[in-house]
>>> print(open('input-v4.cif').read())   # mmCIF, C-alpha atoms and all ligand atoms
data_upload
#
loop_
_atom_site.label_atom_id
_atom_site.label_comp_id
_atom_site.auth_asym_id
_atom_site.auth_seq_id
_atom_site.Cartn_x
_atom_site.Cartn_y
_atom_site.Cartn_z
CA MET D 1 -15.24 -20.52 -18.83
CA ARG D 2 -15.26 -24.13 -17.77
CA LYS D 3 -14.54 -26.86 -20.25
CA PHE D 4 -15.25 -30.57 -20.10
CA VAL D 5 -17.24 -30.14 -16.93
CA LEU D 6 -20.74 -31.41 -16.37
CA SER D 7 -22.54 -28.59 -14.64
CA MET D 8 -24.51 -29.40 -11.50
CA SER D 9 -26.97 -26.61 -12.26
CA PHE D 10 -30.11 -27.91 -13.95
CA PHE D 11 -32.03 -24.65 -13.62
CA GLY D 12 -30.46 -22.43 -16.22
CA CYS D 13 -29.28 -25.12 -18.62
CA LEU D 14 -27.35 -28.32 -18.74
CA THR D 15 -23.76 -27.94 -19.75
CA LEU D 16 -22.14 -30.80 -21.54
CA LEU D 17 -18.55 -31.13 -22.48
CA ASN D 18 -17.05 -28.22 -24.36
CA VAL D 19 -20.09 -25.95 -24.28
CA SER D 20 -20.11 -22.88 -22.09
CA CYS D 21 -23.16 -21.84 -20.14
CA GLN D 22 -23.60 -18.95 -17.73
CA THR D 23 -24.67 -20.21 -14.32
CA GLU D 24 -24.83 -18.20 -11.12
CA GLU D 25 -21.56 -19.58 -9.85
CA GLU D 26 -19.84 -18.54 -13.07
CA THR D 27 -20.85 -14.88 -12.87
CA PRO D 28 -17.57 -12.99 -12.99
CA LYS D 29 -16.59 -11.53 -9.63
CA GLU D 30 -15.86 -7.82 -9.50
CA ALA D 31 -12.09 -7.41 -9.38
CA ARG D 32 -10.84 -5.91 -6.13
CA VAL D 33 -7.96 -3.64 -5.22
CA ILE D 34 -5.92 -3.19 -2.06
CA LEU D 35 -3.57 -0.20 -2.26
CA ILE D 36 -0.96 -0.01 0.48
CA THR D 37 1.59 2.64 1.40
CA MET D 38 4.52 2.40 3.81
CA ASP D 39 5.43 5.94 4.80
CA GLY D 40 8.97 6.97 3.89
CA LEU D 41 10.55 3.53 3.53
CA ARG D 42 13.72 3.89 1.44
CA TRP D 43 14.26 1.80 -1.67
CA LYS D 44 17.67 1.08 -0.21
CA GLU D 45 16.28 -1.02 2.66
CA LEU D 46 13.65 -2.65 0.44
CA PHE D 47 16.17 -3.80 -2.16
CA THR D 48 19.38 -4.22 -0.15
CA GLY D 49 18.22 -4.71 3.44
CA ALA D 50 19.73 -3.08 6.53
CA ASP D 51 22.31 -0.31 6.04
CA SER D 52 25.79 -1.40 7.19
CA LEU D 53 26.69 1.97 8.74
CA LEU D 54 23.40 2.67 10.46
CA ILE D 55 22.93 -0.80 11.95
CA ALA D 56 26.19 -0.39 13.87
CA HIS D 57 25.71 3.24 14.84
CA ALA D 58 25.41 3.72 18.61
CA GLN D 59 23.45 6.93 18.18
CA TYR D 60 20.71 5.22 16.14
CA VAL D 61 20.60 1.70 17.56
CA GLN D 62 20.23 0.52 21.16
CA ASP D 63 21.47 -3.06 20.83
CA SER D 64 23.52 -3.38 17.69
CA ALA D 65 24.49 -7.03 18.31
CA ALA D 66 20.86 -8.14 18.64
CA LEU D 67 19.79 -6.08 15.62
CA LYS D 68 22.63 -7.47 13.51
CA SER D 69 21.81 -11.06 14.37
CA LYS D 70 18.26 -10.43 13.23
CA PHE D 71 18.79 -8.29 10.13
CA TRP D 72 22.45 -8.30 9.09
CA ARG D 73 23.73 -10.71 6.44
CA ALA D 74 26.86 -10.10 4.36
CA ASP D 75 25.02 -10.91 1.13
CA PRO D 76 22.52 -8.16 0.19
CA GLN D 77 20.07 -10.74 -1.21
CA ALA D 78 20.02 -12.64 2.08
CA ARG D 79 19.95 -9.34 3.99
CA ARG D 80 16.86 -8.00 2.26
CA LYS D 81 15.15 -11.35 2.75
CA ALA D 82 15.91 -11.24 6.49
CA LEU D 83 14.28 -7.80 6.65
CA MET D 84 11.25 -8.45 4.45
CA PRO D 85 10.77 -12.20 3.99
CA PHE D 86 7.29 -12.10 2.46
CA VAL D 87 8.41 -9.57 -0.13
CA TRP D 88 11.44 -11.62 -1.19
CA ASP D 89 10.14 -15.15 -0.74
CA SER D 90 6.66 -14.56 -2.12
CA ILE D 91 5.98 -11.24 -3.89
CA ALA D 92 9.28 -11.60 -5.79
CA THR D 93 8.04 -14.94 -7.15
CA PHE D 94 4.47 -14.03 -8.13
CA GLY D 95 4.59 -10.24 -8.47
CA GLN D 96 6.73 -7.40 -9.79
CA LEU D 97 9.07 -5.02 -7.94
CA TYR D 98 10.18 -1.67 -9.33
CA GLY D 99 12.67 0.89 -8.07
CA ASN D 100 16.02 -0.85 -7.56
CA ARG D 101 18.27 1.94 -8.79
CA GLU D 102 21.29 -0.36 -8.80
CA TYR D 103 19.78 -1.61 -12.07
CA ASP D 104 18.74 1.85 -13.17
CA ASN D 105 15.16 0.80 -12.51
CA LYS D 106 13.54 3.93 -11.12
CA VAL D 107 10.33 5.08 -9.53
CA ASP D 108 10.08 8.76 -8.60
CA LEU D 109 7.74 11.43 -7.36
CA THR D 110 6.66 14.18 -9.71
CA ASN D 111 5.79 16.63 -6.95
CA GLN D 112 8.63 18.83 -5.74
CA HIS D 113 8.04 18.72 -1.99
CA PHE D 114 9.04 15.15 -1.06
CA PHE D 115 6.96 14.93 2.10
CA SER D 116 3.74 13.22 3.03
CA TYR D 117 0.62 15.18 2.08
CA PRO D 118 1.98 16.11 -1.37
CA GLY D 119 3.13 12.49 -1.78
CA TYR D 120 -0.23 10.98 -0.90
CA ASN D 121 -2.04 13.59 -2.96
CA GLU D 122 0.08 12.57 -5.95
CA ILE D 123 -0.55 8.84 -5.46
CA LEU D 124 -4.28 9.21 -4.87
CA THR D 125 -5.13 11.90 -7.46
CA GLY D 126 -2.56 11.03 -10.12
CA THR D 127 -1.40 14.64 -10.29
CA ALA D 128 1.14 16.66 -8.32
CA ASP D 129 -0.29 19.91 -6.99
CA ASP D 130 2.75 21.80 -5.73
CA LYS D 131 0.97 25.14 -5.47
CA ARG D 132 -1.96 24.08 -3.34
CA ILE D 133 -0.63 21.01 -1.53
CA HIS D 134 2.52 22.31 0.11
CA SER D 135 2.14 21.45 3.80
CA ASN D 136 1.00 18.62 6.04
CA ASP D 137 -1.71 20.81 7.54
CA LYS D 138 -5.16 19.35 8.12
CA ILE D 139 -6.78 21.01 5.14
CA ASN D 140 -9.45 19.23 3.15
CA ASN D 141 -7.99 18.25 -0.21
CA PRO D 142 -9.47 20.39 -2.99
CA ASN D 143 -8.46 17.64 -5.45
CA ILE D 144 -10.54 14.53 -6.05
CA THR D 145 -8.80 11.23 -5.35
CA PHE D 146 -9.36 8.13 -7.46
CA LEU D 147 -10.87 6.62 -4.31
CA GLU D 148 -13.57 9.28 -4.42
CA LYS D 149 -14.11 8.73 -8.14
CA ILE D 150 -14.71 5.02 -7.61
CA ALA D 151 -16.89 5.67 -4.54
CA SER D 152 -19.05 8.04 -6.60
CA LEU D 153 -19.95 5.13 -8.90
CA TYR D 154 -21.58 3.33 -5.98
CA PRO D 155 -23.45 5.97 -3.97
CA GLN D 156 -24.41 4.85 -0.46
CA GLN D 157 -22.85 1.46 -0.99
CA GLU D 158 -19.61 1.76 1.00
CA ARG D 159 -17.54 0.03 -1.68
CA VAL D 160 -14.42 2.04 -0.84
CA ALA D 161 -12.68 2.33 2.52
CA ALA D 162 -9.42 3.77 3.83
CA PHE D 163 -7.32 3.11 6.92
CA GLY D 164 -4.32 5.15 8.00
CA SER D 165 -2.04 5.51 10.98
CA TRP D 166 -1.63 9.26 10.42
CA ASP D 167 -4.49 11.52 11.44
CA VAL D 168 -4.24 13.69 8.31
CA PHE D 169 -5.74 11.03 6.02
CA PRO D 170 -9.36 12.12 6.55
CA PHE D 171 -8.29 15.46 5.04
CA ILE D 172 -6.15 14.04 2.22
CA ILE D 173 -9.09 11.85 1.16
CA ASN D 174 -11.53 14.61 2.05
CA GLU D 175 -13.78 12.31 4.05
CA GLU D 176 -16.29 15.12 4.46
CA ARG D 177 -16.89 15.54 0.73
CA SER D 178 -16.08 12.03 -0.54
CA LYS D 179 -18.10 10.24 2.20
CA ILE D 180 -15.46 7.52 2.11
CA PRO D 181 -15.05 6.05 5.60
CA VAL D 182 -11.48 6.87 6.66
CA ASN D 183 -10.38 5.26 9.91
CA ALA D 184 -7.16 7.09 10.75
CA GLY D 185 -5.15 8.52 13.60
CA PHE D 186 -6.68 7.40 16.89
CA GLU D 187 -10.17 6.82 15.56
CA ILE D 188 -11.87 3.70 16.83
CA ALA D 189 -13.93 1.21 14.83
CA HIS D 190 -17.54 2.25 14.85
CA THR D 191 -19.24 0.40 12.00
CA LEU D 192 -21.94 -1.51 13.85
CA PRO D 193 -22.20 -4.26 14.78
CA LEU D 194 -18.64 -4.29 16.11
CA SER D 195 -16.84 -7.61 15.88
CA GLU D 196 -15.31 -8.92 19.09
CA ARG D 197 -11.89 -8.05 17.74
CA GLU D 198 -12.92 -4.51 16.89
CA ALA D 199 -14.28 -3.97 20.39
CA PHE D 200 -11.01 -5.28 21.83
CA LEU D 201 -8.92 -3.12 19.47
CA ASN D 202 -10.95 -0.08 20.49
CA THR D 203 -10.11 -0.78 24.14
CA LEU D 204 -6.44 -1.51 23.47
CA GLN D 205 -6.01 1.63 21.40
CA GLU D 206 -7.05 3.66 24.44
CA GLN D 207 -4.69 1.75 26.69
CA ILE D 208 -1.50 1.46 24.61
CA PRO D 209 0.20 4.82 24.27
CA SER D 210 1.55 5.74 20.85
CA PRO D 211 5.01 7.36 20.76
CA TRP D 212 3.47 10.13 18.65
CA GLY D 213 0.67 12.62 18.92
CA SER D 214 -0.69 12.33 15.40
CA VAL D 215 0.23 8.78 14.35
CA ARG D 216 -0.97 5.54 15.90
CA LEU D 217 0.93 2.28 15.91
CA ASP D 218 0.41 0.39 12.64
CA ALA D 219 -0.93 -2.77 14.26
CA PHE D 220 -4.17 -0.91 15.00
CA THR D 221 -4.50 0.36 11.44
CA HIS D 222 -3.80 -3.12 10.12
CA HIS D 223 -6.27 -5.01 12.27
CA PHE D 224 -9.02 -2.41 11.89
CA ALA D 225 -8.57 -2.79 8.13
CA LEU D 226 -8.65 -6.58 8.25
CA GLU D 227 -11.82 -6.64 10.33
CA TYR D 228 -13.49 -4.23 7.93
CA LEU D 229 -12.44 -6.30 4.93
CA GLN D 230 -14.11 -9.32 6.53
CA LYS D 231 -17.23 -7.42 7.42
CA LYS D 232 -17.87 -5.15 4.42
CA THR D 233 -15.76 -6.69 1.61
CA PRO D 234 -15.01 -3.36 -0.08
CA LEU D 235 -14.11 -3.23 -3.75
CA LEU D 236 -11.27 -0.80 -3.15
CA THR D 237 -9.34 -0.56 0.11
CA TYR D 238 -6.50 1.79 0.92
CA ILE D 239 -4.22 1.03 3.89
CA ALA D 240 -1.56 3.56 4.88
CA TYR D 241 1.03 2.35 7.37
CA GLY D 242 3.03 5.11 9.01
CA GLU D 243 5.53 3.91 11.61
CA THR D 244 8.59 3.68 9.37
CA ASP D 245 8.64 7.43 8.77
CA ASP D 246 8.13 8.40 12.39
CA PHE D 247 10.73 6.05 13.83
CA ALA D 248 13.18 7.38 11.23
CA HIS D 249 12.49 11.01 12.17
CA ASP D 250 13.07 9.99 15.79
CA GLY D 251 16.48 8.59 14.78
CA GLU D 252 15.61 5.05 15.86
CA TYR D 253 17.07 2.89 13.11
CA ASP D 254 16.35 -0.30 15.07
CA ALA D 255 12.64 0.56 15.36
CA TYR D 256 12.58 1.62 11.68
CA LEU D 257 13.87 -1.82 10.66
CA GLU D 258 11.56 -3.65 13.07
CA SER D 259 8.64 -1.71 11.66
CA ALA D 260 9.58 -2.52 8.04
CA HIS D 261 9.80 -6.18 9.11
CA THR D 262 6.39 -6.08 10.80
CA THR D 263 4.78 -4.36 7.84
CA ASP D 264 6.13 -7.14 5.64
CA ASP D 265 4.21 -9.50 7.91
CA PHE D 266 1.09 -7.35 7.49
CA LEU D 267 1.42 -7.77 3.72
CA LYS D 268 1.59 -11.53 4.24
CA ASP D 269 -1.46 -11.38 6.48
CA LEU D 270 -3.50 -9.43 3.90
CA TRP D 271 -2.46 -11.78 1.13
CA ALA D 272 -3.48 -14.78 3.25
CA PHE D 273 -6.83 -13.13 3.96
CA THR D 274 -7.53 -12.63 0.27
CA GLN D 275 -6.50 -16.18 -0.58
CA LYS D 276 -9.11 -17.69 1.70
CA HIS D 277 -11.97 -15.30 0.97
CA PRO D 278 -14.24 -16.25 -1.96
CA LEU D 279 -14.68 -12.65 -3.17
CA TYR D 280 -10.98 -11.77 -2.97
CA LYS D 281 -9.23 -15.01 -3.88
CA ASN D 282 -7.37 -14.76 -7.20
CA ASN D 283 -9.37 -11.62 -7.77
CA THR D 284 -7.44 -8.91 -5.95
CA LEU D 285 -4.75 -6.59 -7.24
CA PHE D 286 -2.24 -5.34 -4.66
CA LEU D 287 -0.15 -2.22 -5.25
CA VAL D 288 2.33 -1.21 -2.55
CA THR D 289 4.37 1.99 -2.62
CA THR D 290 5.64 4.91 -0.55
CA ASP D 291 4.89 8.63 -0.36
CA HIS D 292 8.54 9.73 -0.51
CA GLY D 293 12.08 8.50 0.03
CA ARG D 294 14.57 9.44 2.74
CA GLY D 295 18.00 11.05 2.69
CA MET D 296 20.94 8.91 1.61
CA ASN D 297 23.85 11.23 0.93
CA THR D 298 25.15 11.84 4.45
CA LEU D 299 25.24 9.56 7.47
CA ASP D 300 22.38 11.23 9.29
CA SER D 301 20.21 12.33 6.35
CA TRP D 302 18.26 9.03 6.52
CA ARG D 303 16.22 10.69 9.25
CA SER D 304 14.97 13.39 6.89
CA HIS D 305 13.25 14.02 3.62
CA GLY D 306 11.94 17.01 1.71
CA ALA D 307 13.04 19.40 -1.03
CA ALA D 308 16.39 20.02 0.71
CA PHE D 309 17.22 16.35 0.02
CA PRO D 310 16.76 15.80 -3.73
CA GLU D 311 17.27 12.04 -3.45
CA THR D 312 14.10 11.80 -1.36
CA GLN D 313 12.03 11.93 -4.53
CA GLN D 314 13.13 8.31 -5.06
CA THR D 315 10.40 5.78 -4.36
CA TRP D 316 9.52 2.19 -5.30
CA LEU D 317 6.50 0.11 -6.26
CA MET D 318 5.36 -3.48 -5.86
CA ALA D 319 2.48 -5.03 -7.78
CA TYR D 320 1.03 -8.51 -7.30
CA GLY D 321 -2.19 -10.42 -7.53
CA LYS D 322 -4.82 -10.15 -10.25
CA GLY D 323 -3.58 -8.84 -13.58
CA ILE D 324 0.10 -8.96 -12.62
CA ALA D 325 2.45 -11.33 -14.40
CA PRO D 326 5.09 -13.08 -12.23
CA ARG D 327 8.17 -11.17 -13.36
CA GLY D 328 9.84 -10.58 -9.97
CA GLU D 329 12.40 -7.86 -9.40
CA MET D 330 12.80 -5.67 -12.46
CA LYS D 331 16.44 -5.43 -13.47
CA GLU D 332 16.22 -3.33 -16.60
CA LYS D 333 16.43 0.40 -17.14
CA GLN D 334 12.96 1.83 -16.63
CA GLN D 335 11.35 4.96 -15.25
CA TRP D 336 7.94 5.09 -13.59
CA TYR D 337 6.28 7.72 -11.43
CA ASN D 338 3.97 7.72 -8.43
CA ASN D 339 1.48 9.83 -10.39
CA GLN D 340 0.73 6.79 -12.61
CA ILE D 341 -0.92 4.76 -9.85
CA ALA D 342 -4.33 6.49 -9.85
CA ALA D 343 -4.93 6.03 -13.59
CA SER D 344 -3.74 2.41 -13.37
CA LEU D 345 -6.25 1.59 -10.67
CA LEU D 346 -9.12 3.46 -12.33
CA ARG D 347 -8.47 1.47 -15.49
CA PHE D 348 -8.16 -1.78 -13.55
CA LEU D 349 -11.52 -1.14 -11.89
CA GLY D 350 -13.21 -0.51 -15.22
CA ALA D 351 -13.40 3.27 -14.82
CA GLU D 352 -10.92 4.39 -17.46
CA ASP D 353 -13.37 7.11 -18.47
CA LEU D 354 -12.62 8.81 -15.14
CA VAL D 355 -8.93 9.18 -15.97
CA THR D 356 -8.12 12.83 -16.71
CA PRO D 357 -5.40 14.16 -19.03
CA LYS D 358 -3.50 15.63 -16.07
CA MET D 359 -2.96 12.22 -14.49
CA GLY D 360 0.17 10.21 -15.10
CA ALA D 361 -0.51 7.50 -17.70
CA ALA D 362 -1.69 4.09 -16.48
CA LEU D 363 1.20 1.68 -15.85
CA PRO D 364 1.33 -0.82 -18.72
CA PHE D 365 2.12 -3.75 -16.44
CA VAL D 366 -1.11 -3.35 -14.48
CA GLU D 367 -3.48 -5.19 -16.77
CA ALA D 368 -7.17 -4.51 -16.58
CA PRO D 369 -9.28 -7.67 -16.13
CA LYS D 370 -10.70 -8.98 -19.37
ZN ZN D 401 8.27 12.28 7.37
#
>>> encode(input="input-v4.cif", output="structure tokens")
Amino acid sequence: MRKFVLSMSFFGCLTLLNVSCQTEEETPKEARVILITMDGLRWKELFTGADSLLIAHAQYVQDSAALKSKFWRADPQARRKALMPFVWDSIATFGQLYGNREYDNKVDLTNQHFFSYPGYNEILTGTADDKRIHSNDKINNPNITFLEKIASLYPQQERVAAFGSWDVFPFIINEERSKIPVNAGFEIAHTLPLSEREAFLNTLQEQIPSPWGSVRLDAFTHHFALEYLQKKTPLLTYIAYGETDDFAHDGEYDAYLESAHTTDDFLKDLWAFTQKHPLYKNNTLFLVTTDHGRGMNTLDSWRSHGAAFPETQQTWLMAYGKGIAPRGEMKEKQQWYNNQIAASLLRFLGAEDLVTPKMGAALPFVEAPK
């Protein structure tokens, strides 16, 4: 509501001083959501930066001196900022960060598998399904994600879209049943008309080899998502970055850190996009999390995750943008779970009636727009 403003619209009514009047420009914008995951990034790197043992380990790092000059600082606060500057310079000032276990602030999985498909199923459906979702196989998800629930409210309108580096996402989101466009793996952009950038990305994706057979480099996922956001302005967008997990499995701690650093820049890029777009500016909630943790109890367990490594149920969560108070890093004893994200976002998008009793309860700090 505007106060003490003389409206320029003379068609609906004339607004004088402290009298409100609905004009076209005052119609509330539909709140938007961008959900982001960074596959298997440990809370340890997010909250304390590079690991002192791994950054100097010849087996895991090619050029330790160069890596240290980029990411090593004696002070953990400076170190984490060197690794993820947008998170610590910006999100920490206007958002909220959960999962620093040094303060007993915890975010955990509720599924018992601690690997990707069960992790994404839990985030996207709000319910662990240990019996049916117990592998990373390309099996269409029998469960309905909150993405699909929102999409079903807008049939044929393409208000929901997903982008992933891993080629299993079309199955996790059940693209076939949900009809949500899922651009994942090595899929090219094909929503016509292609922008110049999309055409170029399609060509580059053919020409730049990925180190992996089922995961593309995150830059493609990121830029395909950004182009789509420009073009289709979806209400709900899910972006799943994947490199961190794969470089870690490969034992490349340098590439794992570089990837975390680059993804931080992608977060900055997405934030900047929303801040200059009239539909997204001051109107978009960002939630960022991970599908599982990584080992921490032995020197080489950082490469792995899964039920054999109980600490890999440890995750983290960042929230910023619309509906999020600027509280920064949470330093009090708290416990949240990944299964609470789906209900939070349904409620935020005005679809609380689609929350089911099996879902984790909506997170109280994600406030639904008034
Ligand atoms: Zn993995």
>>> residues_around(input="input-v4.cif", residues="D:Gln156", least_positions_apart="2", cutoff="12 Å", atoms="all atoms listed in the file", output="VMD selection string")
chain D and resid 151 to 154 158 to 160 178 to 181
>>> residues_near_ligand(input="input-v4.cif", ligand="ligand ZN 401 (chain D)", cutoff="7 Å", atoms="all atoms listed in the file", output="VMD selection string")
chain D and resid 40 115 to 116 245 to 246 249 304 to 305
>>> closest_residue(input="input-v4.cif", among="D:Asp264, D:Leu192, D:Glu198, D:Asn141", to="D:Glu175", atoms="all atoms listed in the file")
D:Asn141
>>> atom_distance(input="input-v4.cif", atom1="atom CA of D:Leu267", atom2="atom CA of D:Phe220")
14.3 Å
>>> closest_residue(input="input-v4.cif", among="D:Thr221, D:Thr263, D:Thr315, D:Ser69", to="D:Phe47", atoms="all atoms listed in the file")
D:Thr315
>>> residues_near_point(input="input-v4.cif", point="(-5.5, 4.9, -12.8)", cutoff="10 Å", atoms="only C-alpha atoms", output="list in words")
Ile123, Leu124, Thr125, Gly126, Phe146, Asn339, Gln340, Ile341, Ala342, Ala343, Ser344, Leu345, Leu346, Arg347, Phe348, Leu349, Gly350, Ala351, Glu352, Asp353, Leu354, Val355, Thr356, Met359, Gly360, Ala361, Ala362, Leu363 and Val366 of chain D
>>> closest_residue(input="input-v4.cif", among="D:His292, D:Lys232, D:Lys333, D:Arg79", to="D:Trp316", atoms="only C-alpha atoms")
D:His292
>>> atom_distance(input="input-v4.cif", atom1="atom CA of D:Leu67", atom2="atom CA of D:Gln313")
28.1 Å
>>> residues_around(input="input-v4.cif", residues="D:Gln334", least_positions_apart="2", cutoff="9 Å", atoms="all atoms listed in the file", output="VMD selection string")
chain D and resid 98 to 99 103 to 107 330 to 332 336
>>> closest_residue(input="input-v4.cif", among="D:Asp51, D:Glu311, D:Glu30, D:Asp269", to="D:Phe86", atoms="only C-alpha atoms")
D:Asp269
>>> atom_distance(input="input-v4.cif", atom1="atom CA of D:Ala50", atom2="atom CA of D:Arg80")
7.1 Å
>>> closest_residue(input="input-v4.cif", among="D:Glu122, D:Glu45, D:Asp300, D:Asp39", to="D:Leu257", atoms="all atoms listed in the file")
D:Glu45
>>> closest_residue(input="input-v4.cif", among="D:Met318, D:Val168, D:Leu46, D:Ala161", to="D:Leu287", atoms="all atoms listed in the file")
D:Met318
>>> residues_near_point(input="input-v4.cif", point="(-6.1, 4.9, 9.4)", cutoff="9 Å", atoms="all atoms listed in the file", output="MDAnalysis selection string")
chainID D and resid 162:167 169:170 182:187 215:216 218 220:222 224:225 239:241
>>> write_last_selection(input="input-v4.cif", atoms="C-alpha atoms", output="PDB file, in the coordinates of the input")
ATOM      1  CA  ALA D 162      -9.420   3.770   3.830  1.00  0.00           C
ATOM      2  CA  PHE D 163      -7.320   3.110   6.920  1.00  0.00           C
ATOM      3  CA  GLY D 164      -4.320   5.150   8.000  1.00  0.00           C
ATOM      4  CA  SER D 165      -2.040   5.510  10.980  1.00  0.00           C
ATOM      5  CA  TRP D 166      -1.630   9.260  10.420  1.00  0.00           C
ATOM      6  CA  ASP D 167      -4.490  11.520  11.440  1.00  0.00           C
ATOM      7  CA  PHE D 169      -5.740  11.030   6.020  1.00  0.00           C
ATOM      8  CA  PRO D 170      -9.360  12.120   6.550  1.00  0.00           C
ATOM      9  CA  VAL D 182     -11.480   6.870   6.660  1.00  0.00           C
ATOM     10  CA  ASN D 183     -10.380   5.260   9.910  1.00  0.00           C
ATOM     11  CA  ALA D 184      -7.160   7.090  10.750  1.00  0.00           C
ATOM     12  CA  GLY D 185      -5.150   8.520  13.600  1.00  0.00           C
ATOM     13  CA  PHE D 186      -6.680   7.400  16.890  1.00  0.00           C
ATOM     14  CA  GLU D 187     -10.170   6.820  15.560  1.00  0.00           C
ATOM     15  CA  VAL D 215       0.230   8.780  14.350  1.00  0.00           C
ATOM     16  CA  ARG D 216      -0.970   5.540  15.900  1.00  0.00           C
ATOM     17  CA  ASP D 218       0.410   0.390  12.640  1.00  0.00           C
ATOM     18  CA  PHE D 220      -4.170  -0.910  15.000  1.00  0.00           C
ATOM     19  CA  THR D 221      -4.500   0.360  11.440  1.00  0.00           C
ATOM     20  CA  HIS D 222      -3.800  -3.120  10.120  1.00  0.00           C
ATOM     21  CA  PHE D 224      -9.020  -2.410  11.890  1.00  0.00           C
ATOM     22  CA  ALA D 225      -8.570  -2.790   8.130  1.00  0.00           C
ATOM     23  CA  ILE D 239      -4.220   1.030   3.890  1.00  0.00           C
ATOM     24  CA  ALA D 240      -1.560   3.560   4.880  1.00  0.00           C
ATOM     25  CA  TYR D 241       1.030   2.350   7.370  1.00  0.00           C
TER      26      TYR D 241
END
>>> residues_around(input="input-v4.cif", residues="D:Gln59", least_positions_apart="2", cutoff="12 Å", atoms="all atoms listed in the file", output="PDB file with C-alpha atoms, keeping the file's coordinate frame")
ATOM      1  CA  LEU D  53      26.690   1.970   8.740  1.00  0.00           C
ATOM      2  CA  LEU D  54      23.400   2.670  10.460  1.00  0.00           C
ATOM      3  CA  ILE D  55      22.930  -0.800  11.950  1.00  0.00           C
ATOM      4  CA  ALA D  56      26.190  -0.390  13.870  1.00  0.00           C
ATOM      5  CA  HIS D  57      25.710   3.240  14.840  1.00  0.00           C
ATOM      6  CA  VAL D  61      20.600   1.700  17.560  1.00  0.00           C
ATOM      7  CA  GLN D  62      20.230   0.520  21.160  1.00  0.00           C
ATOM      8  CA  ASP D  63      21.470  -3.060  20.830  1.00  0.00           C
ATOM      9  CA  SER D  64      23.520  -3.380  17.690  1.00  0.00           C
ATOM     10  CA  ASP D 250      13.070   9.990  15.790  1.00  0.00           C
ATOM     11  CA  GLY D 251      16.480   8.590  14.780  1.00  0.00           C
ATOM     12  CA  GLU D 252      15.610   5.050  15.860  1.00  0.00           C
ATOM     13  CA  TYR D 253      17.070   2.890  13.110  1.00  0.00           C
ATOM     14  CA  ASP D 254      16.350  -0.300  15.070  1.00  0.00           C
ATOM     15  CA  LEU D 299      25.240   9.560   7.470  1.00  0.00           C
ATOM     16  CA  ASP D 300      22.380  11.230   9.290  1.00  0.00           C
TER      17      ASP D 300
END
>>> residues_around(input="input-v4.cif", residues="D:Ser259", least_positions_apart="4", cutoff="8 Å", atoms="all atoms listed in the file", output="ChimeraX atom specification")
/D:243-244,255,263
>>> axis_aligned_box(input="input-v4.cif", around="stretch 70-85 of chain D", padding_each_side="6 Å", output="JSON")
{"center_x": 18.8, "center_y": -10.2, "center_z": 6.0, "size_x": 28.1, "size_y": 16.8, "size_z": 26.4}
